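S.K.: Sharing input_38.tsv, TSV, C-alpha atoms and all ligand atoms:
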chain	number	residue	atom	x	y	z
A	1	MET	CA	19.87	-0.06	-32.81
A	2	LEU	CA	19.38	2.43	-29.97
A	3	ARG	CA	22.41	4.23	-28.61
A	4	VAL	CA	23.58	3.37	-25.12
A	5	MET	CA	24.27	6.14	-22.58
A	6	SER	CA	27.71	7.44	-23.47
A	7	ARG	CA	28.69	8.99	-20.14
A	8	SER	CA	28.60	5.84	-18.05
A	9	LEU	CA	31.90	4.97	-16.39
A	10	VAL	CA	31.43	1.20	-16.66
A	11	PRO	CA	32.82	-0.66	-19.71
A	12	ASP	CA	30.66	-0.39	-22.85
A	13	ALA	CA	29.82	-4.10	-22.86
A	14	VAL	CA	28.56	-3.92	-19.28
A	15	GLU	CA	26.58	-0.75	-19.99
A	16	ARG	CA	25.02	-2.43	-23.03
A	17	TYR	CA	24.14	-5.48	-20.90
A	18	VAL	CA	22.46	-3.28	-18.26
A	19	ALA	CA	20.65	-1.07	-20.78
A	20	MET	CA	19.66	-3.59	-23.45
A	21	GLU	CA	19.29	-6.88	-21.59
A	22	ILE	CA	18.42	-6.16	-18.00
A	23	SER	CA	16.57	-2.84	-17.75
A	24	ARG	CA	12.83	-2.99	-18.24
A	25	GLU	CA	11.20	-0.39	-20.46
A	26	THR	CA	7.59	-0.10	-21.52
A	27	PRO	CA	6.97	0.08	-25.29
A	28	LEU	CA	6.16	3.80	-24.78
A	29	GLN	CA	9.47	4.46	-23.00
A	30	ARG	CA	11.29	2.64	-25.78
A	31	ARG	CA	9.52	4.76	-28.38
A	32	LEU	CA	10.43	7.97	-26.54
A	33	ARG	CA	14.07	6.86	-26.38
A	34	GLU	CA	13.98	6.07	-30.11
A	35	GLU	CA	12.44	9.43	-31.03
A	36	THR	CA	14.90	11.31	-28.79
A	37	SER	CA	17.87	9.45	-30.27
A	38	HIS	CA	17.47	11.48	-33.48
A	39	LEU	CA	18.06	14.79	-31.65
A	40	PRO	CA	21.58	16.26	-31.57
A	41	LEU	CA	21.48	16.41	-27.74
A	42	ALA	CA	20.02	12.92	-27.25
A	43	GLY	CA	22.82	12.13	-24.79
A	44	MET	CA	21.06	14.33	-22.22
A	45	GLN	CA	18.39	11.68	-21.71
A	46	ILE	CA	18.73	9.47	-18.63
A	47	GLY	CA	19.34	5.73	-19.02
A	48	ALA	CA	16.65	3.08	-18.66
A	49	ASP	CA	18.26	1.90	-15.41
A	50	GLN	CA	18.03	5.44	-14.02
A	51	GLY	CA	14.37	5.64	-15.01
A	52	ALA	CA	13.71	2.41	-13.12
A	53	LEU	CA	15.63	3.77	-10.13
A	54	LEU	CA	13.60	7.02	-10.06
A	55	ALA	CA	10.32	5.08	-10.26
A	56	MET	CA	11.44	2.75	-7.46
A	57	LEU	CA	12.40	5.68	-5.21
A	58	VAL	CA	9.05	7.38	-5.81
A	59	ARG	CA	7.20	4.18	-4.90
A	60	ALA	CA	9.41	3.42	-1.89
A	61	LEU	CA	8.75	6.91	-0.52
A	62	ALA	CA	5.03	6.56	-1.25
A	63	ALA	CA	5.55	9.98	-2.83
A	64	GLN	CA	2.54	12.03	-3.82
A	65	ARG	CA	4.22	15.31	-4.74
A	66	ALA	CA	7.41	15.58	-6.77
A	67	ILE	CA	9.55	18.18	-8.54
A	68	GLU	CA	11.73	17.76	-11.61
A	69	VAL	CA	14.37	20.29	-12.64
A	70	GLY	CA	15.26	19.55	-16.28
A	71	THR	CA	12.64	17.73	-18.34
A	72	PHE	CA	14.00	17.65	-21.93
A	73	THR	CA	11.86	15.18	-23.96
A	74	GLY	CA	10.29	13.67	-20.87
A	75	TYR	CA	11.92	10.32	-20.07
A	76	SER	CA	12.55	10.96	-16.36
A	77	SER	CA	9.24	12.78	-15.86
A	78	LEU	CA	7.40	9.86	-17.46
A	79	ALA	CA	9.13	7.46	-15.04
A	80	ILE	CA	8.35	9.64	-12.00
A	81	ALA	CA	4.77	10.53	-12.92
A	82	SER	CA	3.89	6.92	-13.78
A	83	ALA	CA	5.09	5.85	-10.32
A	84	LEU	CA	2.94	8.45	-8.52
A	85	PRO	CA	-0.53	7.43	-7.36
A	86	ALA	CA	-3.60	8.81	-9.14
A	87	GLY	CA	-4.03	12.35	-7.88
A	88	GLY	CA	-0.26	12.72	-7.42
A	89	LYS	CA	1.51	15.81	-8.71
A	90	LEU	CA	4.80	16.41	-10.52
A	91	VAL	CA	6.02	19.96	-11.16
A	92	CYS	CA	8.36	19.95	-14.19
A	93	CYS	CA	10.81	22.84	-14.71
A	94	ASP	CA	12.32	23.52	-18.13
A	95	VAL	CA	12.96	26.41	-20.50
A	96	SER	CA	12.49	24.61	-23.83
A	97	GLU	CA	9.09	24.66	-25.50
A	98	GLU	CA	10.49	22.57	-28.35
A	99	TRP	CA	11.80	19.66	-26.25
A	100	THR	CA	8.95	19.63	-23.74
A	101	SER	CA	6.37	19.52	-26.53
A	102	ILE	CA	7.70	16.01	-27.19
A	103	ALA	CA	7.36	15.23	-23.47
A	104	ARG	CA	3.74	16.44	-23.47
A	105	ARG	CA	2.80	13.98	-26.21
A	106	TYR	CA	4.19	11.05	-24.22
A	107	TRP	CA	2.60	12.20	-20.92
A	108	LYS	CA	-0.74	12.27	-22.71
A	109	GLU	CA	-0.27	8.86	-24.26
A	110	ALA	CA	0.76	7.38	-20.89
A	111	GLY	CA	-2.34	8.85	-19.24
A	112	VAL	CA	-0.32	10.89	-16.71
A	113	ALA	CA	-0.69	14.39	-18.20
A	114	ASP	CA	-3.15	15.38	-15.47
A	115	ARG	CA	-0.48	14.72	-12.81
A	116	ILE	CA	2.10	17.01	-14.42
A	117	GLN	CA	2.41	20.79	-14.25
A	118	LEU	CA	5.02	22.02	-16.71
A	119	LYS	CA	6.56	25.39	-15.83
A	120	LEU	CA	8.39	26.92	-18.78
A	121	ALA	CA	10.71	29.36	-17.01
A	122	PRO	CA	14.17	29.33	-15.44
A	123	ALA	CA	13.95	26.69	-12.71
A	124	SER	CA	15.25	29.07	-10.04
A	125	GLU	CA	12.16	31.25	-10.64
A	126	THR	CA	9.77	28.31	-10.53
A	127	LEU	CA	11.29	26.93	-7.32
A	128	ALA	CA	11.24	30.40	-5.71
A	129	ALA	CA	7.55	30.73	-6.64
A	130	LEU	CA	6.75	27.32	-5.10
A	131	ILE	CA	8.43	28.44	-1.86
A	132	ARG	CA	6.65	31.82	-1.96
A	133	ASP	CA	3.30	30.11	-2.51
A	134	GLY	CA	3.60	27.99	0.65
A	135	GLY	CA	5.21	24.87	-0.81
A	136	THR	CA	7.90	24.58	1.87
A	137	GLY	CA	7.94	21.08	3.40
A	138	THR	CA	5.18	19.77	1.11
A	139	PHE	CA	7.10	17.70	-1.49
A	140	ASP	CA	8.29	14.10	-1.17
A	141	PHE	CA	10.77	13.79	-4.01
A	142	ALA	CA	12.91	15.96	-6.32
A	143	PHE	CA	15.04	15.08	-9.35
A	144	ILE	CA	17.66	17.62	-10.46
A	145	ASP	CA	19.01	17.26	-14.01
A	146	ALA	CA	19.51	20.71	-15.59
A	147	ASP	CA	22.24	23.38	-15.87
A	148	LYS	CA	25.09	22.28	-13.63
A	149	SER	CA	26.26	25.69	-12.43
A	150	ASN	CA	22.89	26.21	-10.70
A	151	TYR	CA	22.74	22.77	-9.03
A	152	ASP	CA	23.63	24.17	-5.60
A	153	ALA	CA	20.77	26.69	-5.78
A	154	TYR	CA	18.37	23.96	-6.96
A	155	TYR	CA	19.55	21.68	-4.14
A	156	GLU	CA	18.91	24.40	-1.54
A	157	ALA	CA	15.48	25.26	-2.91
A	158	CYS	CA	14.43	21.60	-3.21
A	159	LEU	CA	15.66	20.90	0.31
A	160	ARG	CA	13.33	23.63	1.57
A	161	LEU	CA	10.44	22.27	-0.46
A	162	LEU	CA	10.88	18.67	0.79
A	163	ARG	CA	9.30	17.22	3.91
A	164	ALA	CA	11.57	15.47	6.43
A	165	GLY	CA	12.30	12.03	4.98
A	166	GLY	CA	11.86	13.36	1.44
A	167	LEU	CA	14.60	12.65	-1.06
A	168	ILE	CA	16.53	14.56	-3.73
A	169	ALA	CA	18.24	12.71	-6.61
A	170	LEU	CA	20.85	14.73	-8.54
A	171	ASP	CA	22.07	13.43	-11.90
A	172	ASN	CA	25.54	13.76	-13.47
A	173	MET	CA	27.35	14.14	-10.15
A	174	LEU	CA	30.37	12.21	-11.52
A	175	TRP	CA	30.43	14.33	-14.70
A	176	SER	CA	32.15	11.60	-16.74
A	177	GLY	CA	34.68	11.21	-13.90
A	178	ARG	CA	36.00	14.76	-14.21
A	179	VAL	CA	35.04	15.60	-10.60
A	180	ALA	CA	37.54	12.96	-9.44
A	181	ASP	CA	40.45	14.68	-11.17
A	182	PRO	CA	41.58	17.56	-8.90
A	183	GLN	CA	43.66	19.01	-11.77
A	184	PHE	CA	40.62	19.44	-14.00
A	185	HIS	CA	38.77	22.74	-13.76
A	186	ASP	CA	35.88	24.32	-15.59
A	187	ASP	CA	32.75	25.99	-14.25
A	188	ASP	CA	30.50	22.92	-14.36
A	189	THR	CA	33.08	20.50	-12.98
A	190	ASP	CA	34.05	22.86	-10.16
A	191	ALA	CA	30.37	23.41	-9.29
A	192	LEU	CA	29.59	19.68	-9.16
A	193	ARG	CA	32.79	18.81	-7.25
A	194	ALA	CA	32.00	21.49	-4.66
A	195	LEU	CA	28.40	20.31	-4.34
A	196	ASN	CA	29.45	16.67	-3.82
A	197	ALA	CA	31.71	17.80	-0.96
A	198	LYS	CA	29.03	20.11	0.45
A	199	ILE	CA	26.43	17.32	0.51
A	200	ARG	CA	28.96	14.94	2.12
A	201	ASP	CA	29.34	17.44	4.99
A	202	ASP	CA	25.69	18.53	5.12
A	203	GLY	CA	24.13	17.57	8.45
A	204	ARG	CA	20.64	18.26	7.06
A	205	VAL	CA	20.72	15.11	4.91
A	206	ASP	CA	21.82	11.49	4.71
A	207	ALA	CA	23.52	10.99	1.37
A	208	CYS	CA	24.93	8.41	-1.03
A	209	LEU	CA	26.69	9.03	-4.36
A	210	MET	CA	25.71	6.12	-6.59
A	211	THR	CA	27.94	5.23	-9.53
A	212	VAL	CA	24.94	4.48	-11.75
A	213	GLY	CA	24.96	6.23	-15.15
A	214	ASP	CA	26.92	9.48	-14.83
A	215	GLY	CA	26.58	9.44	-11.02
A	216	VAL	CA	23.36	9.90	-9.08
A	217	MET	CA	23.63	11.58	-5.68
A	218	LEU	CA	20.80	10.70	-3.30
A	219	ALA	CA	20.22	13.09	-0.40
A	220	GLN	CA	17.45	12.34	2.10
A	221	LYS	CA	16.27	15.17	4.33
A	222	ARG	CA	16.69	14.53	8.03
A	223	PRO	CA	14.10	15.65	10.55
A	224	PRO	CA	14.97	18.98	12.22
A	225	GLN	CA	17.42	18.47	15.14
B	301	LIG	C1	19.94	16.85	-19.16
B	301	LIG	S1	18.47	17.54	-19.81
B	301	LIG	C2	17.23	16.74	-18.83
B	301	LIG	C3	17.03	15.28	-19.23
B	301	LIG	C4	15.74	14.68	-18.70
B	301	LIG	N1	15.78	14.61	-17.25
B	301	LIG	C5	15.47	13.32	-19.31
B	301	LIG	O1	15.31	12.33	-18.60
B	301	LIG	O2	15.39	13.23	-20.54
B	301	LIG	C6	18.52	19.17	-19.14
B	301	LIG	C7	17.29	20.03	-19.37
B	301	LIG	O3	17.42	21.19	-18.52
B	301	LIG	C8	16.83	22.28	-19.17
B	301	LIG	N2	17.39	23.51	-18.59
B	301	LIG	C9	18.62	24.07	-18.80
B	301	LIG	N3	18.76	25.20	-18.10
B	301	LIG	C10	17.60	25.37	-17.40
B	301	LIG	C11	17.13	26.35	-16.48
B	301	LIG	N4	17.88	27.39	-16.12
B	301	LIG	N5	15.88	26.20	-15.97
B	301	LIG	C12	15.12	25.13	-16.32
B	301	LIG	N6	15.51	24.18	-17.18
B	301	LIG	C13	16.74	24.28	-17.71
B	301	LIG	C14	17.18	22.08	-20.64
B	301	LIG	O4	16.26	22.79	-21.46
B	301	LIG	C15	17.09	20.55	-20.77
B	301	LIG	O5	15.84	20.16	-21.26
Take the structure I supplied and represent it as structure tokens, if you would.

M.R.:
Amino acid sequence: MLRVMSRSLVPDAVERYVAMEISRETPLQRRLREETSHLPLAGMQIGADQGALLAMLVRALAAQRAIEVGTFTGYSSLAIASALPAGGKLVCCDVSEEWTSIARRYWKEAGVADRIQLKLAPASETLAALIRDGGTGTFDFAFIDADKSNYDAYYEACLRLLRAGGLIALDNMLWSGRVADPQFHDDDTDALRALNAKIRDDGRVDACLMTVGDGVMLAQKRPPQ
């Protein structure tokens, strides 16, 4: 049996109900989850409910151009790219050839490989290059799910790259609940706690921290005042 996301804050039985009984997955998504489950860091993969959420957001925005920071074996990118229209574009940022080679196989099988540009480099470099090459204001959607200490920098870069009305989704913003414990400190927790508070007070966006999975922060870019 497949493992259920371990970092959810809801009771195990409820998480199992959501993941196993209610969330829809294509046979290909299920196969990718199964293959990933054998990796030591399988817990990094998003849940099926999060995949459905990302796809729904992409469709609701009528997004054509998207960015992903943190691809791993490809589950979230598969959800995003499959929800883009033909001719849409997803720029994927990761540093692992090994993990993204799995993603590439699934993109090909799903028929979405031509929509995806994988950039194997630190995401801060890839995002800076997109800005330098005139990408400011040209993207509709961004999903951030990589190294937590750089989330603020990724948020700032993605905010520049988004059009007004575009949306950023940031995963793991509850960090297994550690952000809610003011006594708990480590680099990642402090970074995520500070970013939650920053986004709450950020007049450039409308925001909502959803308690799905490990916490998904949605931040929608407002038009310039
Ligand atoms: C939590 S996993 C992403 C999970 C993925 N979204 C999914 O649905 O399966 C985080 C990924 O971020 C990548 N990563 C870590 N540091 C990075 C960096 N500085 N730049 C780009 N990618 C990075 C890791 O290689 C890893 O694949």

S.K.: Please report the interatomic distance between CA of Arg24 (chain A) and CA of Gly47 (chain A) in Å with one decimal.

M.R.: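 Result for CA of Arg24 (chain A) versus CA of Gly47 (chain A): 10.9 Å, one decimal.
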
S.K.: Please give me, as a list in words, the residues lying within 6 Å of ligand LIG 301 (chain B) when counting only C-alpha atoms and all ligand atoms.

M.R.: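 Protein and nucleic-acid residues within 6 Å of ligand LIG 301 (chain B): Met44, Gln45, Ile46, Gly70, Thr71, Phe72, Thr73, Gly74, Tyr75, Ser76, Cys93, Asp94, Val95, Ser96, Pro122, Ala123, Asp145, Ala146 and Asp147 of chain A.
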
S.K.: Would you kindly return, as a PyMOL selection string, each protein, DNA or RNA residue with an atom no farther than 8 Å from any atom of Ala219 (chain A), considering all atoms listed in the file and excluding same-chain residues fewer than 5 positions away?

M.R.: chain A and resi 167-169+199+205-208

S.K.: Can I get the selected residues back with C-alpha atoms, as a PDB file, in the coordinates of the input?

M.R.:
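As written to disk, out_13.pdb reads:
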ATOM      1  CA  LEU A 167      14.600  12.650  -1.060  1.00  0.00           C
ATOM      2  CA  ILE A 168      16.530  14.560  -3.730  1.00  0.00           C
ATOM      3  CA  ALA A 169      18.240  12.710  -6.610  1.00  0.00           C
ATOM      4  CA  ILE A 199      26.430  17.320   0.510  1.00  0.00           C
ATOM      5  CA  VAL A 205      20.720  15.110   4.910  1.00  0.00           C
ATOM      6  CA  ASP A 206      21.820  11.490   4.710  1.00  0.00           C
ATOM      7  CA  ALA A 207      23.520  10.990   1.370  1.00  0.00           C
ATOM      8  CA  CYS A 208      24.930   8.410  -1.030  1.00  0.00           C
TER       9      CYS A 208
END

S.K.: Taking all atoms listed in the file into account, name the residue in A:Glu68, A:Glu97, A:Asp12, A:Asp49 that is nearest to Asp140 (chain A).

M.R.: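 Ranking A:Glu68, A:Glu97, A:Asp12, A:Asp49 by distance to Asp140 (chain A), first place goes to A:Glu68.
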
S.K.: Which centre and which edge lengths, in Å to one decimal, describe the axis-aligned box that holds all listed atoms of region 13-31 of chain A after 6 Å is added on each side, as AutoDock Vina command-line options?

M.R.:
--center_x 18.0 --center_y -1.1 --center_z -23.1 --size_x 35.7 --size_y 23.6 --size_z 22.6
